[in-house]
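With compact mmCIF, C-alpha atoms and all ligand atoms inside, this is upload.txt:
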```txt
# COMPACT_ATOMS: atom_id res chain seq x y z
CA MET A 1 9.08 1.29 -20.72
CA LYS A 2 10.22 3.50 -17.89
CA ILE A 3 8.02 3.72 -14.80
CA LEU A 4 8.43 6.36 -12.12
CA LEU A 5 7.57 4.81 -8.77
CA THR A 6 6.95 7.54 -6.22
CA GLY A 7 7.41 6.27 -2.68
CA GLY A 8 9.31 3.37 -4.22
CA ALA A 9 11.48 2.76 -1.16
CA GLY A 10 8.47 2.13 1.08
CA TYR A 11 6.82 -1.12 2.04
CA ILE A 12 4.48 -1.46 -0.94
CA GLY A 13 6.75 0.51 -3.28
CA SER A 14 9.80 -1.69 -2.79
CA HIS A 15 7.82 -4.87 -3.50
CA THR A 16 6.23 -3.21 -6.52
CA ALA A 17 9.66 -2.22 -7.86
CA ILE A 18 10.71 -5.88 -7.85
CA GLU A 19 7.60 -7.07 -9.65
CA LEU A 20 7.86 -4.34 -12.29
CA ILE A 21 11.50 -5.16 -12.95
CA ASN A 22 10.68 -8.87 -13.09
CA ALA A 23 8.04 -8.03 -15.68
CA GLY A 24 10.65 -6.23 -17.82
CA TYR A 25 10.00 -2.57 -16.95
CA ASP A 26 12.68 0.01 -16.18
CA VAL A 27 11.99 1.54 -12.80
CA ILE A 28 12.95 4.90 -11.38
CA ILE A 29 12.37 5.21 -7.67
CA GLY A 30 11.56 8.65 -6.28
CA ASP A 31 11.39 8.88 -2.51
CA ASN A 32 12.15 11.38 0.24
CA PHE A 33 13.04 8.55 2.67
CA SER A 34 10.90 10.14 5.37
CA ASN A 35 9.38 6.79 6.27
CA SER A 36 11.87 4.40 4.69
CA LYS A 37 15.55 3.65 4.98
CA ARG A 38 18.16 4.30 2.30
CA ASP A 39 19.63 0.83 2.67
CA VAL A 40 16.36 -0.63 1.30
CA ILE A 41 17.78 0.24 -2.11
CA GLY A 42 20.88 -1.93 -1.61
CA ARG A 43 18.70 -4.82 -0.52
CA LEU A 44 16.41 -4.34 -3.51
CA GLU A 45 19.44 -4.43 -5.79
CA GLU A 46 20.56 -7.65 -4.10
CA ILE A 47 17.19 -9.21 -4.95
CA ILE A 48 17.01 -8.08 -8.57
CA LYS A 49 20.76 -8.34 -9.13
CA LYS A 50 21.12 -4.99 -10.85
CA GLU A 51 21.29 -1.32 -10.05
CA ILE A 52 18.16 0.75 -9.56
CA GLN A 53 17.92 4.39 -10.44
CA VAL A 54 16.93 6.39 -7.38
CA TYR A 55 16.10 10.06 -6.89
CA GLU A 56 15.86 11.53 -3.42
CA ILE A 57 13.00 13.88 -4.04
CA ASP A 58 10.25 15.74 -2.25
CA PHE A 59 7.14 15.44 -4.41
CA THR A 60 5.56 18.42 -2.68
CA ASN A 61 8.25 20.58 -4.29
CA TYR A 62 7.23 21.19 -7.91
CA GLU A 63 10.70 22.36 -8.99
CA GLU A 64 12.20 19.04 -7.93
CA VAL A 65 9.45 17.10 -9.69
CA ASP A 66 9.86 19.14 -12.88
CA LYS A 67 13.61 18.57 -12.83
CA LEU A 68 13.13 14.81 -12.60
CA PHE A 69 10.66 14.76 -15.50
CA SER A 70 12.98 16.96 -17.60
CA LYS A 71 15.88 14.56 -17.09
CA GLU A 72 14.11 11.24 -17.59
CA GLU A 73 11.93 9.87 -20.38
CA ILE A 74 9.08 8.66 -18.18
CA ASP A 75 6.31 6.57 -19.75
CA ALA A 76 4.09 6.11 -16.70
CA VAL A 77 3.84 6.98 -13.02
CA ILE A 78 2.80 4.78 -10.13
CA HIS A 79 2.12 7.22 -7.33
CA LEU A 80 2.55 5.72 -3.87
CA ALA A 81 4.36 8.52 -2.05
CA GLY A 82 2.38 9.82 0.89
CA LEU A 83 1.86 9.93 4.61
CA LYS A 84 -0.16 6.94 5.76
CA ALA A 85 -0.73 6.71 9.51
CA VAL A 86 -4.40 7.00 10.39
CA GLY A 87 -3.84 8.09 14.02
CA GLU A 88 -1.15 10.62 13.12
CA SER A 89 -3.40 12.11 10.45
CA CYS A 90 -5.90 13.05 13.19
CA SER A 91 -3.15 14.91 15.10
CA ILE A 92 -1.55 16.71 12.15
CA PRO A 93 -4.29 16.88 9.50
CA LEU A 94 -2.84 19.87 7.64
CA GLU A 95 0.43 18.05 7.05
CA TYR A 96 -1.56 15.13 5.61
CA TYR A 97 -3.69 17.28 3.32
CA ARG A 98 -0.70 19.33 2.18
CA ASN A 99 1.62 16.42 1.62
CA ASN A 100 -0.75 13.88 0.08
CA ILE A 101 -2.61 16.27 -2.18
CA GLU A 102 0.18 18.63 -3.22
CA SER A 103 2.38 15.73 -4.29
CA THR A 104 -0.37 14.32 -6.53
CA ILE A 105 -1.04 17.72 -8.09
CA ASN A 106 2.68 18.25 -8.73
CA VAL A 107 3.08 14.89 -10.41
CA LEU A 108 -0.05 15.45 -12.54
CA ASN A 109 1.20 18.90 -13.56
CA ALA A 110 4.58 17.52 -14.57
CA MET A 111 2.85 14.70 -16.47
CA LYS A 112 0.83 17.31 -18.36
CA LYS A 113 3.92 19.36 -19.22
CA TYR A 114 5.99 16.35 -20.32
CA LYS A 115 3.07 14.54 -22.00
CA VAL A 116 3.04 11.48 -19.80
CA ASN A 117 -0.43 9.93 -19.92
CA ASN A 118 -0.35 6.84 -17.73
CA PHE A 119 -0.96 7.02 -14.00
CA VAL A 120 -1.65 4.43 -11.32
CA PHE A 121 -2.74 5.69 -7.93
CA SER A 122 -2.41 4.02 -4.58
CA SER A 123 -5.74 4.40 -2.84
CA SER A 124 -7.19 2.48 0.05
CA ALA A 125 -10.21 0.58 1.27
CA THR A 126 -10.41 3.37 3.81
CA VAL A 127 -12.43 5.34 1.22
CA TYR A 128 -15.39 3.02 1.87
CA GLY A 129 -15.72 4.61 5.34
CA VAL A 130 -18.00 2.52 7.54
CA PRO A 131 -19.18 -0.19 5.14
CA LYS A 132 -22.94 -0.68 4.90
CA ALA A 133 -22.40 -4.14 3.45
CA VAL A 134 -19.52 -6.50 2.72
CA PRO A 135 -17.89 -7.58 0.48
CA LEU A 136 -17.09 -4.12 -0.81
CA LYS A 137 -17.50 -3.37 -4.51
CA GLU A 138 -15.93 -0.46 -6.34
CA ASP A 139 -19.27 1.22 -7.04
CA MET A 140 -20.40 1.27 -3.43
CA PRO A 141 -20.68 4.65 -1.68
CA THR A 142 -17.49 6.23 -0.41
CA SER A 143 -16.83 8.31 2.68
CA CYS A 144 -14.09 8.51 5.31
CA THR A 145 -13.50 8.47 9.04
CA ASN A 146 -10.11 10.22 9.31
CA PRO A 147 -7.96 12.85 7.51
CA TYR A 148 -5.66 10.21 5.97
CA GLY A 149 -8.71 8.59 4.41
CA TRP A 150 -9.98 11.93 3.16
CA THR A 151 -6.68 12.58 1.38
CA LYS A 152 -7.18 9.34 -0.54
CA TYR A 153 -10.80 10.23 -1.22
CA MET A 154 -9.88 13.74 -2.43
CA ASN A 155 -7.07 12.43 -4.59
CA GLU A 156 -9.54 10.05 -6.22
CA GLN A 157 -11.84 13.01 -6.92
CA ILE A 158 -8.96 15.04 -8.38
CA LEU A 159 -8.13 12.14 -10.67
CA MET A 160 -11.75 11.85 -11.88
CA ASP A 161 -11.76 15.58 -12.70
CA VAL A 162 -8.40 15.44 -14.43
CA SER A 163 -9.52 12.42 -16.42
CA ASN A 164 -12.71 14.21 -17.51
CA ALA A 165 -10.63 17.18 -18.64
CA ASN A 166 -8.10 15.15 -20.63
CA PRO A 167 -9.35 12.14 -22.60
CA ASN A 168 -5.78 11.12 -23.45
CA LEU A 169 -5.07 10.18 -19.88
CA SER A 170 -5.19 6.65 -18.62
CA ILE A 171 -5.68 6.47 -14.87
CA VAL A 172 -6.01 3.41 -12.67
CA ILE A 173 -6.99 3.75 -9.02
CA LEU A 174 -6.13 0.78 -6.82
CA ARG A 175 -7.93 0.43 -3.52
CA TYR A 176 -5.73 -1.67 -1.27
CA PHE A 177 -7.10 -3.75 1.55
CA ASN A 178 -4.66 -4.80 4.33
CA PRO A 179 -1.21 -5.68 2.96
CA ILE A 180 0.92 -7.91 5.18
CA GLY A 181 3.78 -10.36 4.64
CA ALA A 182 7.07 -9.63 2.95
CA HIS A 183 9.32 -10.67 0.10
CA GLU A 184 10.31 -14.32 0.34
CA SER A 185 14.01 -13.42 0.49
CA GLY A 186 13.49 -11.76 3.88
CA LEU A 187 15.46 -8.78 2.57
CA ILE A 188 12.60 -6.29 2.41
CA GLY A 189 9.38 -5.88 4.35
CA GLU A 190 7.46 -3.51 6.56
CA ASP A 191 9.72 -1.70 9.02
CA PRO A 192 7.65 0.88 10.88
CA ASN A 193 9.30 3.57 12.96
CA GLY A 194 8.58 3.30 16.68
CA ILE A 195 5.73 1.20 18.01
CA PRO A 196 3.71 -0.26 15.13
CA ASN A 197 0.10 0.80 14.61
CA ASN A 198 -0.84 -2.08 12.36
CA LEU A 199 -1.65 -5.59 13.46
CA MET A 200 0.96 -7.74 11.71
CA PRO A 201 4.07 -5.70 12.58
CA TYR A 202 2.79 -5.56 16.15
CA ILE A 203 2.36 -9.34 16.23
CA THR A 204 5.85 -9.98 14.84
CA GLN A 205 7.40 -7.68 17.46
CA VAL A 206 5.49 -9.44 20.25
CA ALA A 207 6.66 -12.78 18.88
CA THR A 208 10.31 -11.67 19.05
CA GLY A 209 9.83 -10.38 22.59
CA LYS A 210 10.51 -6.76 21.58
CA LEU A 211 6.98 -5.89 22.71
CA PRO A 212 5.45 -7.71 25.70
CA VAL A 213 1.88 -8.39 24.61
CA LEU A 214 -0.59 -7.72 21.81
CA SER A 215 -3.67 -5.69 22.72
CA ILE A 216 -6.65 -6.89 20.74
CA PHE A 217 -8.81 -3.84 20.23
CA GLY A 218 -12.26 -5.10 21.16
CA ASN A 219 -13.93 -8.51 21.20
CA ASP A 220 -17.51 -7.29 21.12
CA TYR A 221 -17.88 -6.49 17.43
CA PRO A 222 -20.71 -8.18 15.55
CA THR A 223 -18.26 -10.61 13.91
CA LYS A 224 -17.80 -14.38 14.22
CA ASP A 225 -15.56 -14.13 17.33
CA GLY A 226 -16.13 -10.50 18.28
CA THR A 227 -12.77 -9.21 16.98
CA GLY A 228 -12.35 -6.98 13.90
CA VAL A 229 -12.40 -8.61 10.48
CA ARG A 230 -10.17 -7.45 7.60
CA ASP A 231 -9.04 -8.59 4.17
CA TYR A 232 -5.32 -9.31 4.56
CA ILE A 233 -3.41 -9.55 1.31
CA HIS A 234 0.19 -10.63 0.69
CA VAL A 235 2.20 -7.56 -0.26
CA VAL A 236 3.73 -9.41 -3.22
CA ASP A 237 0.25 -10.13 -4.59
CA LEU A 238 -0.57 -6.46 -4.15
CA ALA A 239 2.66 -5.52 -5.95
CA LYS A 240 1.71 -7.80 -8.86
CA GLY A 241 -1.60 -5.96 -9.05
CA HIS A 242 0.36 -2.82 -9.95
CA VAL A 243 2.01 -4.56 -12.87
CA ARG A 244 -1.41 -5.59 -14.19
CA ALA A 245 -2.68 -2.06 -13.65
CA ILE A 246 0.20 -0.56 -15.64
CA GLU A 247 -0.32 -3.06 -18.47
CA TYR A 248 -4.00 -2.17 -18.48
CA SER A 249 -3.26 1.56 -18.53
CA PHE A 250 -1.14 1.17 -21.65
CA LYS A 251 -4.09 -0.43 -23.45
CA ASN A 252 -7.01 1.67 -22.20
CA ARG A 253 -7.85 5.31 -21.75
CA GLY A 254 -10.08 6.93 -19.14
CA ILE A 255 -10.25 6.13 -15.46
CA ASP A 256 -10.92 2.88 -13.65
CA ILE A 257 -11.01 1.74 -10.03
CA PHE A 258 -10.08 -1.70 -8.73
CA ASN A 259 -10.17 -3.29 -5.29
CA LEU A 260 -7.07 -5.30 -4.49
CA GLY A 261 -7.92 -7.80 -1.79
CA THR A 262 -8.35 -11.54 -1.41
CA GLY A 263 -12.10 -11.45 -0.81
CA LYS A 264 -11.62 -13.30 2.48
CA GLY A 265 -12.21 -11.73 5.87
CA TYR A 266 -10.10 -12.86 8.83
CA SER A 267 -10.57 -11.76 12.43
CA VAL A 268 -7.76 -10.57 14.69
CA LEU A 269 -7.92 -13.91 16.53
CA ASP A 270 -7.70 -15.78 13.20
CA ILE A 271 -4.51 -13.88 12.45
CA VAL A 272 -2.98 -14.54 15.87
CA ASN A 273 -3.81 -18.26 15.61
CA ALA A 274 -2.57 -18.55 12.03
CA PHE A 275 0.67 -16.79 12.95
CA GLU A 276 1.31 -19.03 15.94
CA GLU A 277 0.58 -22.14 13.93
CA ALA A 278 2.59 -21.20 10.84
CA ASN A 279 5.67 -20.17 12.79
CA ASN A 280 5.46 -22.25 15.92
CA VAL A 281 5.77 -19.21 18.18
CA LYS A 282 3.55 -17.76 20.88
CA VAL A 283 1.83 -14.38 20.63
CA PRO A 284 0.55 -13.43 24.08
CA TYR A 285 -2.46 -11.16 23.92
CA VAL A 286 -4.95 -9.31 26.08
CA ILE A 287 -8.37 -8.01 25.13
CA ALA A 288 -8.42 -4.21 25.27
CA ASP A 289 -10.98 -1.51 24.49
CA ARG A 290 -12.00 -0.85 20.93
CA ARG A 291 -9.68 1.54 19.05
CA ALA A 292 -11.34 4.82 18.08
CA GLY A 293 -12.30 4.92 14.41
CA ASP A 294 -12.11 1.14 13.85
CA ILE A 295 -14.85 -0.65 11.97
CA ALA A 296 -16.16 -4.17 12.58
CA GLU A 297 -15.69 -5.72 9.19
CA CYS A 298 -14.07 -4.85 5.88
CA TYR A 299 -13.26 -7.16 2.98
CA ALA A 300 -13.20 -6.87 -0.76
CA ASP A 301 -15.06 -8.11 -3.72
CA SER A 302 -12.08 -8.23 -6.08
CA SER A 303 -13.93 -9.83 -8.98
CA LYS A 304 -13.53 -6.71 -11.13
CA ALA A 305 -9.72 -6.93 -10.87
CA GLU A 306 -9.94 -10.62 -11.71
CA LYS A 307 -12.20 -10.06 -14.70
CA VAL A 308 -10.67 -6.90 -16.15
CA LEU A 309 -7.01 -7.05 -15.07
CA GLY A 310 -6.71 -10.84 -14.96
CA TRP A 311 -5.35 -10.50 -11.42
CA HIS A 312 -6.09 -12.36 -8.24
CA ALA A 313 -4.23 -12.87 -4.99
CA GLU A 314 -2.35 -16.16 -4.87
CA ASN A 315 -0.83 -16.39 -1.41
CA ASP A 316 -2.78 -17.74 1.54
CA LEU A 317 -2.75 -16.57 5.15
CA ARG A 318 -0.18 -19.16 6.21
CA LYS A 319 2.29 -17.87 3.60
CA MET A 320 1.63 -14.26 4.68
CA CYS A 321 2.38 -15.21 8.30
CA LYS A 322 5.52 -17.15 7.37
CA ASP A 323 6.94 -14.38 5.22
CA ALA A 324 6.15 -11.72 7.84
CA TRP A 325 8.04 -13.73 10.44
CA ASN A 326 10.96 -14.48 8.13
CA TRP A 327 11.31 -10.74 7.42
CA GLN A 328 11.04 -9.81 11.10
CA GLN A 329 13.96 -12.08 11.92
CA HIS A 330 16.12 -10.49 9.20
CA CYS A 331 14.95 -7.05 10.23
CA ILE A 332 16.23 -7.49 13.79
CA LYS A 333 19.72 -8.05 12.40
CA LEU A 334 19.48 -4.98 10.15
CA ASN A 335 18.30 -2.53 12.82
N1 LIG B 1 -5.58 -4.43 15.83
C1 LIG B 1 -5.48 -4.90 17.13
N2 LIG B 1 -4.34 -4.61 17.81
C2 LIG B 1 -3.32 -3.88 17.29
C3 LIG B 1 -3.44 -3.42 15.97
C4 LIG B 1 -4.59 -3.70 15.27
O1 LIG B 1 -6.37 -5.56 17.65
O2 LIG B 1 -2.32 -3.64 18.00
C5 LIG B 1 -6.79 -4.77 15.06
C6 LIG B 1 -7.60 -3.56 14.62
O3 LIG B 1 -8.52 -3.18 15.65
C7 LIG B 1 -8.28 -4.09 13.36
C8 LIG B 1 -7.24 -5.06 12.78
O4 LIG B 1 -6.38 -5.39 13.86
O5 LIG B 1 -9.43 -4.82 13.68
C9 LIG B 1 -6.41 -4.45 11.66
O6 LIG B 1 -5.84 -3.23 12.11
P1 LIG B 1 -4.66 -2.50 11.30
O7 LIG B 1 -4.27 -1.30 12.10
O8 LIG B 1 -3.59 -3.46 10.93
O9 LIG B 1 -5.37 -2.09 9.95
P2 LIG B 1 -6.66 -1.19 9.67
O10 LIG B 1 -7.67 -2.09 9.01
O11 LIG B 1 -7.09 -0.46 10.86
O12 LIG B 1 -6.09 -0.11 8.69
C10 LIG B 1 -5.51 -0.49 7.46
C11 LIG B 1 -4.43 0.50 7.09
C12 LIG B 1 -4.98 1.84 6.78
C13 LIG B 1 -6.08 1.74 5.79
C14 LIG B 1 -7.11 0.73 6.19
C15 LIG B 1 -8.06 0.50 5.05
O13 LIG B 1 -3.50 0.63 8.15
O14 LIG B 1 -3.97 2.64 6.24
O15 LIG B 1 -6.49 -0.53 6.49
O16 LIG B 1 -9.10 -0.29 5.37
F1 LIG B 1 -6.69 2.93 5.68
```

Turn the structure described in the file into structure tokens.
Amino acid sequence: MKILLTGGAGYIGSHTAIELINAGYDVIIGDNFSNSKRDVIGRLEEIIKKEIQVYEIDFTNYEEVDKLFSKEEIDAVIHLAGLKAVGESCSIPLEYYRNNIESTINVLNAMKKYKVNNFVFSSSATVYGVPKAVPLKEDMPTSCTNPYGWTKYMNEQILMDVSNANPNLSIVILRYFNPIGAHESGLIGEDPNGIPNNLMPYITQVATGKLPVLSIFGNDYPTKDGTGVRDYIHVVDLAKGHVRAIEYSFKNRGIDIFNLGTGKGYSVLDIVNAFEEANNVKVPYVIADRRAGDIAECYADSSKAEKVLGWHAENDLRKMCKDAWNWQQHCIKLN
């Protein structure tokens, strides 16, 4: 079975490629390398000990997408390609809407033309907006607080409509919570351009001394210690969720949505403490103002994924912190 992995050179994509190959699938990576480095591919090949087929492709360009589908016998698509920075999406919303929606439409059009019926979509817990209650379940109301989130929300809607129109399709929407950690080898991981927006890459760069201090965005939330609570999930567990989703899509038609999280909420201070303890390093921090658009608490009820896909996250917070640190140390040598 040949799976096209759009955005396959990115943080989640590269880990997903490994898990798919380990599970016996052939993988084609399509990526425009706008937010990933070409040498990720070499490192992926080092891990899996074979060559990976890679297309440098812009999924917003239908001609390029059509050409890829005409050349390759694709059985299913896992669509991860997209812009993903919440803050940036508020500054350049049109780029986000154009990029994230056009690419999905192009892939779906090519799938229609070449009779490919299986599709897994990378969505986000961001579609729950400001949660009214936690843990979050798939059937809870959705809304968004930023353009990036709306692109996920709109893509989900497009997929529902497309599924209604074509009963042969099998679509799985995965709502990710907060992926952190890295592959155990230390060869791939999250490598954001510039100053990181997300908590774990920020922490690892403070721990190396590259950044002076972590700002904790608010300690007056209605949470156990006042800092924001999230559901952090090891990126390898998340990647394995995609394998289960693909297997499921080959056996079922229609559309289904699954949360991929651990079901546990950790505060920012929990993460700092766990990181320091797991790696025996210091992470100096200061308490700063709340970050605009942040919510107090967000964690998953992932029981549907457990029940239907037979998937659950296996790695604990200590392992996530260890692997993130291991990767950061390799990453310094690579950059
Ligand atoms: N935080 C800090 N300091 C930092 C960075 C983050 O205190 O320097 C805090 C945030 O305030 C929040 C927590 O750490 O409480 C996690 O923040 P992240 O930026 O790592 O993650 P978010 O939960 O804000 O956002 C993530 C993804 C989004 C996705 C969202 C879905 O980055 O793409 O989860 O819930 F939309």

If the limit is 7 Å from any atom of ligand LIG 1 (chain B), counting only C-alpha atoms and all ligand atoms, which residues qualify? Return them as a CSV table (one decimal) with C-alpha atoms, in the coordinates of the input.
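File result16.csv, as written:
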```
chain,number,residue,atom,x,y,z
A,84,LYS,CA,-0.2,6.9,5.8
A,85,ALA,CA,-0.7,6.7,9.5
A,86,VAL,CA,-4.4,7.0,10.4
A,124,SER,CA,-7.2,2.5,0.0
A,125,ALA,CA,-10.2,0.6,1.3
A,126,THR,CA,-10.4,3.4,3.8
A,149,GLY,CA,-8.7,8.6,4.4
A,177,PHE,CA,-7.1,-3.8,1.6
A,178,ASN,CA,-4.7,-4.8,4.3
A,197,ASN,CA,0.1,0.8,14.6
A,198,ASN,CA,-0.8,-2.1,12.4
A,199,LEU,CA,-1.6,-5.6,13.5
A,200,MET,CA,1.0,-7.7,11.7
A,202,TYR,CA,2.8,-5.6,16.2
A,214,LEU,CA,-0.6,-7.7,21.8
A,215,SER,CA,-3.7,-5.7,22.7
A,216,ILE,CA,-6.6,-6.9,20.7
A,217,PHE,CA,-8.8,-3.8,20.2
A,218,GLY,CA,-12.3,-5.1,21.2
A,227,THR,CA,-12.8,-9.2,17.0
A,228,GLY,CA,-12.4,-7.0,13.9
A,229,VAL,CA,-12.4,-8.6,10.5
A,230,ARG,CA,-10.2,-7.4,7.6
A,268,VAL,CA,-7.8,-10.6,14.7
A,290,ARG,CA,-12.0,-0.8,20.9
A,291,ARG,CA,-9.7,1.5,19.0
A,294,ASP,CA,-12.1,1.1,13.8
A,296,ALA,CA,-16.2,-4.2,12.6
A,298,CYS,CA,-14.1,-4.8,5.9
```

Next item on the list: Go through A:Val281, A:Ala110, A:Ala165, A:Leu309 and flag the residue nearest Lys67 (chain A), using only C-alpha atoms for the distances.
Entry: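 Of the candidates, the smallest distance to Lys67 (chain A) is held by A:Ala110.
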
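For the set A:Cys90, A:Cys321, A:Ala313, A:Val172, the residue with the smallest atom-to-atom gap to Tyr248 (chain A) is A:Val172, counting all atoms listed in the file.
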
Margin query: Between CA of Thr60 (chain A) and CA of Glu73 (chain A), what is the distance in Å, rounded to a tenth?
Written below: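 Pair CA of Thr60 (chain A) / CA of Glu73 (chain A) returns 20.7 Å.
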
Can I get the residues of region 131-248 of chain A within 7 Å of region 16-31 of chain A, each with the closest pair of atoms and their distance in Å to one decimal, using only C-alpha atoms, sorted chain first then ascending number, as CSV?
```
residue,atom,partner,partner_atom,distance
A:Ala239,CA,A:Thr16,CA,4.3
A:Lys240,CA,A:Glu19,CA,6.0
A:His242,CA,A:Thr16,CA,6.8
A:Val243,CA,A:Leu20,CA,5.9
```
